[in-house]
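data-v3.cif, holding mmCIF, C-alpha atoms:
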```cif
data_work
#
loop_
_atom_site.label_atom_id
_atom_site.label_comp_id
_atom_site.auth_asym_id
_atom_site.auth_seq_id
_atom_site.Cartn_x
_atom_site.Cartn_y
_atom_site.Cartn_z
CA MET A 534 78.91 76.52 96.70
CA GLN A 535 82.64 76.31 96.05
CA ALA A 536 83.93 78.34 93.11
CA PRO A 537 85.38 76.45 90.11
CA HIS A 538 89.03 75.42 90.28
CA THR A 539 91.45 77.72 88.44
CA ASP A 540 94.98 77.24 87.19
CA ILE A 541 96.35 80.24 89.10
CA LEU A 542 95.18 82.02 92.24
CA VAL A 543 96.58 85.53 92.80
CA ILE A 544 96.41 86.96 96.33
CA GLY A 545 96.21 90.74 96.07
CA GLY A 546 94.67 93.02 93.44
CA GLY A 547 97.35 95.70 93.32
CA PRO A 548 99.61 96.41 90.32
CA ALA A 549 101.79 93.32 90.90
CA GLY A 550 98.77 91.04 91.25
CA LEU A 551 96.98 92.48 88.21
CA HIS A 552 100.08 92.15 86.03
CA ALA A 553 100.65 88.58 87.21
CA ALA A 554 97.02 87.84 86.34
CA PHE A 555 97.49 89.34 82.89
CA TYR A 556 100.58 87.33 82.10
CA ALA A 557 99.07 84.05 83.30
CA GLY A 558 95.85 84.79 81.46
CA TRP A 559 97.76 85.73 78.32
CA ARG A 560 99.46 82.32 78.50
CA GLY A 561 95.99 80.79 78.23
CA LEU A 562 95.47 79.90 81.90
CA SER A 563 92.42 80.49 84.07
CA VAL A 564 93.15 82.99 86.85
CA ARG A 565 91.33 84.22 89.93
CA VAL A 566 92.43 87.38 91.80
CA LEU A 567 91.43 87.78 95.46
CA GLU A 568 91.36 91.34 96.80
CA ALA A 569 90.57 92.14 100.44
CA ARG A 570 89.14 95.60 99.78
CA GLY A 571 86.00 96.47 97.89
CA GLU A 572 87.90 97.68 94.84
CA ILE A 573 90.85 96.58 92.75
CA GLY A 574 94.10 98.56 92.72
CA GLY A 575 95.87 98.03 96.05
CA GLN A 576 97.83 101.00 97.35
CA LEU A 577 97.31 102.92 94.10
CA ALA A 578 93.54 102.96 94.63
CA ALA A 579 93.39 103.10 98.43
CA LEU A 580 96.23 105.43 99.42
CA TYR A 581 96.96 107.85 96.59
CA PRO A 582 94.57 107.49 93.62
CA ASP A 583 94.74 111.22 92.86
CA LYS A 584 98.55 111.46 92.81
CA ARG A 585 100.61 111.16 89.65
CA VAL A 586 102.93 108.20 89.19
CA TYR A 587 106.04 108.74 87.07
CA ASP A 588 107.76 105.34 86.93
CA VAL A 589 105.19 103.14 85.18
CA PRO A 590 106.60 102.09 81.80
CA GLY A 591 104.71 103.69 78.93
CA LEU A 592 102.44 105.83 81.14
CA PRO A 593 104.34 109.03 81.95
CA ALA A 594 102.95 111.25 84.72
CA THR A 595 99.73 109.24 85.07
CA ARG A 596 97.34 109.41 88.01
CA ALA A 597 97.50 106.27 90.12
CA ALA A 598 93.78 105.56 89.59
CA GLU A 599 94.30 105.69 85.82
CA VAL A 600 97.19 103.21 86.09
CA VAL A 601 94.74 100.80 87.74
CA THR A 602 92.24 101.40 84.93
CA HIS A 603 94.87 100.51 82.31
CA LEU A 604 95.88 97.36 84.22
CA GLN A 605 92.26 96.22 84.41
CA ARG A 606 91.68 97.00 80.74
CA GLN A 607 94.60 94.74 79.84
CA LEU A 608 92.66 91.83 81.34
CA ASP A 609 89.79 92.21 78.86
CA GLY A 610 89.18 89.02 76.95
CA LEU A 611 91.26 86.87 79.29
CA ASP A 612 89.98 84.17 81.64
CA VAL A 613 90.52 86.28 84.77
CA ASP A 614 88.01 86.41 87.63
CA LEU A 615 88.37 89.40 89.98
CA ARG A 616 86.96 88.89 93.49
CA VAL A 617 86.75 91.85 95.91
CA HIS A 618 85.85 91.82 99.61
CA THR A 619 87.75 88.52 99.74
CA LEU A 620 90.43 88.33 102.44
CA ALA A 621 92.76 85.30 102.21
CA ARG A 622 93.24 83.53 105.55
CA THR A 623 94.36 79.91 105.19
CA LEU A 624 96.52 77.91 102.82
CA GLU A 625 96.35 74.11 102.54
CA ARG A 626 97.85 71.56 100.20
CA VAL A 627 95.17 69.68 98.25
CA GLY A 628 96.35 67.04 95.78
CA ASP A 629 98.69 68.66 93.27
CA GLY A 630 97.45 72.15 94.06
CA TRP A 631 96.43 74.52 96.82
CA GLN A 632 93.31 75.54 98.69
CA VAL A 633 92.90 79.05 100.08
CA GLY A 634 90.26 79.79 102.69
CA THR A 635 88.88 83.32 102.63
CA THR A 636 86.16 85.49 104.13
CA SER A 637 84.09 84.70 101.03
CA GLY A 638 84.58 80.96 100.76
CA VAL A 639 87.19 78.44 99.65
CA PHE A 640 89.14 78.60 96.37
CA THR A 641 91.46 76.04 94.81
CA ALA A 642 94.15 76.39 92.16
CA GLY A 643 97.17 74.64 90.75
CA ALA A 644 99.50 77.46 91.85
CA VAL A 645 99.33 80.54 94.06
CA ILE A 646 101.01 83.91 93.45
CA LEU A 647 101.27 86.07 96.58
CA ALA A 648 101.07 89.75 95.64
CA ALA A 649 99.67 91.12 98.89
CA GLY A 650 102.02 94.10 99.05
CA LEU A 651 102.36 95.52 102.54
CA GLY A 652 99.30 93.52 103.59
CA ALA A 653 95.53 93.74 103.34
CA LEU A 654 94.55 97.41 103.58
CA ARG A 655 92.12 97.69 106.47
CA PRO A 656 90.15 100.92 107.05
CA ARG A 657 91.20 102.97 110.06
CA GLU A 658 88.90 102.83 113.05
CA ALA A 659 86.31 105.55 113.58
CA ARG A 660 88.07 107.19 116.52
CA VAL A 661 85.68 110.09 116.98
CA PRO A 662 83.68 111.07 120.08
CA GLY A 663 80.37 109.24 120.27
CA ALA A 664 81.19 106.63 117.62
CA ASP A 665 79.54 103.99 119.81
CA LEU A 666 76.28 105.95 120.08
CA HIS A 667 75.11 105.99 116.48
CA PRO A 668 73.58 102.73 115.18
CA ASP A 669 75.24 102.78 111.72
CA VAL A 670 78.83 104.05 111.65
CA ARG A 671 81.04 102.64 108.87
CA THR A 672 84.70 103.07 107.94
CA ASP A 673 84.86 101.93 104.32
CA LEU A 674 83.17 102.59 101.01
CA PRO A 675 79.74 100.93 100.81
CA ASP A 676 77.77 99.79 97.79
CA PRO A 677 76.04 103.10 96.93
CA ASP A 678 72.78 101.43 95.91
CA THR A 679 72.32 100.03 99.43
CA LEU A 680 71.99 103.56 100.83
CA HIS A 681 69.45 104.90 98.35
CA GLY A 682 67.09 107.36 100.05
CA ARG A 683 69.08 107.45 103.29
CA ARG A 684 70.60 110.50 104.93
CA VAL A 685 74.35 109.92 104.86
CA LEU A 686 77.06 111.95 106.58
CA VAL A 687 80.52 111.47 105.05
CA VAL A 688 83.41 112.53 107.29
CA GLY A 689 86.91 112.91 105.82
CA GLY A 690 89.07 114.64 103.24
CA VAL A 691 90.68 111.60 101.61
CA PRO A 692 89.88 110.74 97.96
CA GLN A 693 87.52 107.99 99.13
CA ALA A 694 85.40 110.62 100.91
CA THR A 695 85.03 112.64 97.73
CA ARG A 696 84.21 109.50 95.78
CA ALA A 697 81.68 108.35 98.40
CA ALA A 698 79.89 111.70 98.34
CA LEU A 699 79.62 111.66 94.54
CA GLU A 700 78.57 108.03 94.16
CA LEU A 701 76.06 108.11 97.02
CA THR A 702 74.46 111.30 95.69
CA ALA A 703 74.19 109.72 92.24
CA ALA A 704 72.58 106.66 93.84
CA GLY A 705 69.86 108.74 95.48
CA ALA A 706 71.21 109.24 98.99
CA ARG A 707 70.93 112.60 100.74
CA VAL A 708 74.57 113.37 101.41
CA THR A 709 76.37 115.77 103.73
CA LEU A 710 80.16 115.92 103.40
CA THR A 711 82.36 117.41 106.10
CA HIS A 712 86.06 117.79 106.86
CA ARG A 713 88.18 119.74 109.29
CA ARG A 714 89.91 121.49 106.39
CA ALA A 715 88.39 123.45 103.52
CA GLY A 716 89.91 121.30 100.79
CA PHE A 717 89.14 117.76 99.69
CA ARG A 718 91.36 115.32 97.80
CA GLY A 719 90.48 113.77 94.48
CA ASP A 720 91.18 114.06 90.79
CA PRO A 721 90.28 117.40 89.14
CA ASP A 722 87.15 116.00 87.46
CA ALA A 723 85.83 114.59 90.73
CA LEU A 724 86.45 117.85 92.59
CA ALA A 725 84.75 119.82 89.82
CA ARG A 726 81.72 117.50 90.01
CA LEU A 727 81.67 117.89 93.79
CA GLU A 728 81.64 121.68 93.48
CA GLY A 729 78.91 121.50 90.85
CA MET A 730 76.68 119.26 92.96
CA GLN A 731 77.16 121.56 95.95
CA THR A 732 76.29 124.65 93.88
CA GLN A 733 73.17 122.94 92.53
CA GLY A 734 72.10 121.92 96.03
CA GLN A 735 72.40 118.19 95.31
CA LEU A 736 74.58 117.69 98.38
CA THR A 737 75.66 119.70 101.41
CA VAL A 738 79.28 120.47 102.29
CA TRP A 739 80.44 121.75 105.68
CA ALA A 740 84.17 122.54 105.49
CA PRO A 741 86.17 123.59 107.34
CA ALA A 742 84.25 122.17 110.26
CA THR A 743 85.03 120.50 113.57
CA LEU A 744 83.28 117.25 114.38
CA ARG A 745 82.36 117.64 118.03
CA ARG A 746 80.72 114.27 118.50
CA LEU A 747 78.41 111.68 117.00
CA THR A 748 75.01 111.10 118.55
CA GLU A 749 72.26 108.51 118.18
CA TRP A 750 70.59 110.74 115.55
CA GLY A 751 73.61 112.11 113.66
CA ALA A 752 76.44 114.50 114.49
CA GLU A 753 77.23 117.83 116.08
CA LEU A 754 79.60 120.04 114.07
CA GLU A 755 81.18 123.39 114.79
CA VAL A 756 81.21 125.68 111.74
CA ASP A 757 82.61 129.20 111.97
CA GLY A 758 82.19 129.09 115.74
CA HIS A 759 78.56 128.02 115.58
CA GLU A 760 76.95 124.66 116.29
CA GLN A 761 75.57 122.79 113.28
CA ASN A 762 73.49 119.66 113.80
CA VAL A 763 73.38 117.09 111.01
CA GLU A 764 70.83 114.28 111.06
CA ALA A 765 72.08 111.06 109.47
CA ASP A 766 70.87 107.48 109.12
CA THR A 767 74.38 106.33 108.16
CA ILE A 768 77.74 107.89 108.99
CA LEU A 769 80.90 107.13 107.00
CA VAL A 770 84.11 108.02 108.81
CA LEU A 771 86.76 107.68 106.10
CA ASN A 772 90.33 108.17 107.33
CA GLY A 773 92.35 105.99 104.97
CA TYR A 774 93.80 102.52 105.49
CA LEU A 775 96.47 100.60 107.39
CA PRO A 776 98.25 97.48 106.03
CA ASP A 777 97.78 94.16 107.82
CA LEU A 778 99.80 91.05 106.94
CA SER A 779 98.58 88.98 109.87
CA PRO A 780 96.01 86.94 107.90
CA VAL A 781 98.78 85.30 105.82
CA GLN A 782 101.76 85.40 108.19
CA SER A 783 100.78 82.02 109.63
CA TRP A 784 101.46 80.42 106.24
CA PRO A 785 104.68 78.32 106.38
CA LEU A 786 106.78 80.50 104.09
CA ASN A 787 109.86 81.04 106.33
CA TRP A 788 108.88 84.66 106.88
CA GLN A 789 111.65 87.15 107.56
CA GLY A 790 109.72 89.82 109.41
CA ASP A 791 107.24 91.20 106.89
CA TYR A 792 108.94 89.56 103.90
CA VAL A 793 108.73 86.18 102.20
CA PRO A 794 112.10 84.76 101.04
CA ASP A 795 111.86 84.25 97.29
CA GLY A 796 114.19 82.44 94.94
CA PRO A 797 114.45 82.43 91.13
CA GLY A 798 111.08 82.98 89.52
CA GLY A 799 109.57 84.10 92.82
CA ARG A 800 109.65 80.58 94.24
CA THR A 801 108.96 80.25 97.96
CA ALA A 802 109.49 77.41 100.43
CA LEU A 803 106.24 75.85 99.17
CA GLU A 804 106.21 74.26 95.74
CA GLY A 805 103.75 76.04 93.48
CA VAL A 806 103.58 79.17 95.67
CA TYR A 807 105.31 82.32 94.44
CA ALA A 808 105.89 85.78 95.97
CA VAL A 809 106.11 89.07 94.06
CA GLY A 810 106.06 92.79 94.77
CA ASP A 811 106.55 94.51 98.10
CA MET A 812 106.16 91.36 100.19
CA ALA A 813 108.95 89.49 98.34
CA GLN A 814 112.27 89.70 100.18
CA SER A 815 114.10 90.40 96.92
CA SER A 816 112.22 93.71 96.59
CA THR A 817 113.21 95.20 99.96
CA ASP A 818 115.77 97.60 98.45
CA PHE A 819 113.61 98.68 95.50
CA LYS A 820 109.90 99.10 96.19
CA LEU A 821 109.12 100.16 92.64
CA ILE A 822 106.10 99.40 90.49
CA SER A 823 108.40 98.64 87.57
CA LEU A 824 110.22 95.99 89.63
CA ALA A 825 106.91 94.51 90.80
CA PHE A 826 105.80 94.23 87.17
CA ALA A 827 108.97 92.34 86.26
CA GLN A 828 108.66 90.00 89.24
CA ALA A 829 105.00 89.39 88.42
CA ALA A 830 105.73 88.50 84.80
CA VAL A 831 108.54 86.11 85.73
CA ALA A 832 106.54 84.42 88.50
CA ALA A 833 103.47 84.09 86.30
CA ASN A 834 105.48 82.28 83.63
CA HIS A 835 107.07 79.95 86.19
CA ALA A 836 103.61 79.28 87.64
CA ALA A 837 102.27 78.57 84.14
CA HIS A 838 104.97 75.96 83.58
CA HIS A 839 104.33 74.48 87.03
CA VAL A 840 100.63 74.02 86.31
CA ARG A 841 101.01 73.08 82.66
CA PRO A 842 104.49 71.57 82.11
CA GLU A 843 103.98 71.65 78.34
CA LEU A 844 104.11 75.46 78.53
CA ARG A 845 107.64 76.79 78.38
CA ILE A 846 108.78 79.14 81.14
CA ARG A 847 109.98 81.58 78.48
CA PRO A 848 106.91 82.54 76.45
CA GLY A 849 108.67 84.44 73.69
CA HIS A 850 107.70 87.93 72.60
CA SER A 851 104.11 89.10 72.73
CA SER A 852 104.47 90.53 69.21
CA GLU A 853 104.97 86.97 67.96
CA LYS A 854 101.72 85.69 69.47
CA ARG A 855 99.02 85.05 66.87
CA ALA A 856 95.61 86.57 67.47
#
```
Do you think you could lay out the structure here as structure tokens?
Amino acid sequence: MQAPHTDILVIGGGPAGLHAAFYAGWRGLSVRVLEARGEIGGQLAALYPDKRVYDVPGLPATRAAEVVTHLQRQLDGLDVDLRVHTLARTLERVGDGWQVGTTSGVFTAGAVILAAGLGALRPREARVPGADLHPDVRTDLPDPDTLHGRRVLVVGGVPQATRAALELTAAGARVTLTHRRAGFRGDPDALARLEGMQTQGQLTVWAPATLRRLTEWGAELEVDGHEQNVEADTILVLNGYLPDLSPVQSWPLNWQGDYVPDGPGGRTALEGVYAVGDMAQSSTDFKLISLAFAQAAVAANHAAHHVRPELRIRPGHSSEKRA
């Protein structure tokens, strides 16, 4: 069944997309955000959630994951629908609006705001010996509840590996976490929880360890010069993500390499389609979150006027808005 029509469709759930959704929602419009990954946040969540970001207005020295939390909290009470695991593929004109085909169905809207950043962040392939032997090797974060009671081997030192180990253990999976180095990445609270679970015997950690190969029953590790066999029903090989713009580069937007030419208000070659953030050509010299926020706000207000001409492009100050 096709989802209800919305005023604005935002492609990309990173900081630019979330701020565009806020501004459009704050103007009283219905908004749907389509995010290719299984979680909102874009590069902040996928690439460096544990690192501190210093250039977000009003949030000095804040971890990237917390910036995402604040952006999502700002959407509370607004008519904003967040859809994850939804990769945009096609764009077609339908009446006065647009239709976007995705991996999760078809969505229509009066205007589209492209905030796809460097592209959809796809998990890196599981390039480890024997990856084709085991029946259940995955490269991205699963729904923890689907692996309840299963033996799960998590391979990797990225923040997503730490998160996977914690969430899967909490969901009732029997987890083994391994990495070639002794340290894991993650925020201090997550790392403290990981150490506590390991001490209490709730999960097993082999690090530093060398992954020799995967087998049909699990994996062979080398730990302190000795072989260590780990039986696993599911193996998660988490090595981060790579950006991929190819799903949207067939859209007729006069692409200049990896960038979409954008005019005043983020306008593109297609009426009612706007570009903001890292993919907008105007941002090539300054890939800053603060700039993406400004572009998102301006584009959202232009999109609001496009969909509802009675709404002025300039909304006035938020402090003047009545509750």
Exercise: Ala579 of chain A partners within 12 Å, all atoms listed in the file, chain neighbours under 4 positions left out, as a compact mmCIF listing (two decimals) with C-alpha atoms, in the frame of the given file:
```txt
# COMPACT_ATOMS: atom_id res chain seq x y z
CA GLY A 546 94.67 93.02 93.44
CA GLY A 547 97.35 95.70 93.32
CA ALA A 569 90.57 92.14 100.44
CA ARG A 570 89.14 95.60 99.78
CA GLY A 571 86.00 96.47 97.89
CA GLU A 572 87.90 97.68 94.84
CA ILE A 573 90.85 96.58 92.75
CA GLY A 574 94.10 98.56 92.72
CA GLY A 575 95.87 98.03 96.05
CA ASP A 583 94.74 111.22 92.86
CA LYS A 584 98.55 111.46 92.81
CA ALA A 597 97.50 106.27 90.12
CA ALA A 598 93.78 105.56 89.59
CA VAL A 601 94.74 100.80 87.74
CA ALA A 653 95.53 93.74 103.34
CA LEU A 654 94.55 97.41 103.58
CA ARG A 655 92.12 97.69 106.47
CA PRO A 656 90.15 100.92 107.05
CA ARG A 657 91.20 102.97 110.06
CA ASP A 673 84.86 101.93 104.32
CA LEU A 674 83.17 102.59 101.01
CA VAL A 691 90.68 111.60 101.61
CA PRO A 692 89.88 110.74 97.96
CA GLN A 693 87.52 107.99 99.13
CA ALA A 694 85.40 110.62 100.91
CA ARG A 696 84.21 109.50 95.78
CA GLY A 719 90.48 113.77 94.48
CA LEU A 771 86.76 107.68 106.10
CA ASN A 772 90.33 108.17 107.33
CA GLY A 773 92.35 105.99 104.97
CA TYR A 774 93.80 102.52 105.49
CA LEU A 775 96.47 100.60 107.39
CA PRO A 776 98.25 97.48 106.03
```
**OP:** Name all residues at most 9 Å from Leu620 of chain A (count all atoms listed in the file; drop same-chain ones fewer than 6 positions away) and give them as a ChimeraX atom specification.
**Re:** /A:544-545,567-570,634-637,653,780
**OP:** Determine the residue set returned by the PyMOL selection byres ((chain A and resi 705-710) around 10) for the present structure, and present it as a ChimeraX atom specification.
**Re:** /A:677-690,694-695,697-704,711-712,717,727,731,735-740,763-769
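Between Ser815 of chain A and the candidates A:Val586, A:Val831, A:Leu647, A:Pro794, the tightest atom-to-atom separation, counting only C-alpha atoms, involves A:Pro794.
The protein and nucleic acid residues lying at most 12 Å from His838 of chain A are Asp540, Ile541, Ala557, Arg560, Gly561, Leu562, Gly643, Ala644, Gly798, Gly805, Val831, Ala832, Ala833, Asn834, His835, Ala836, Val840, Arg841, Pro842, Glu843, Leu844, Arg845, Ile846, Arg847 and Pro848 of chain A, with only C-alpha atoms considered and sequence neighbours fewer than 2 positions away removed.
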**OP:** Can you pull out every residue within 10 Å of Thr539 of chain A, counting only C-alpha atoms, but drop anything in the same chain fewer than 2 positions away, and send it as a count of residues only?
**Re:** 17
**OP:** Report as a ChimeraX atom specification the residues that result from applying the PyMOL selection byres ((chain A and resi 549) around 9) to the structure here.
**Re:** /A:545-548,550-554,648-650,809-811,822,824-830
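With distances taken over all atoms listed in the file, A:Val645 is the one residue among A:Ser783, A:Asp777, A:Val756, A:Val645 lying closest to Arg626 of chain A.
Atom CA of Gln535 of chain A is found 24.6 Å from atom CA of Ser779 of chain A.
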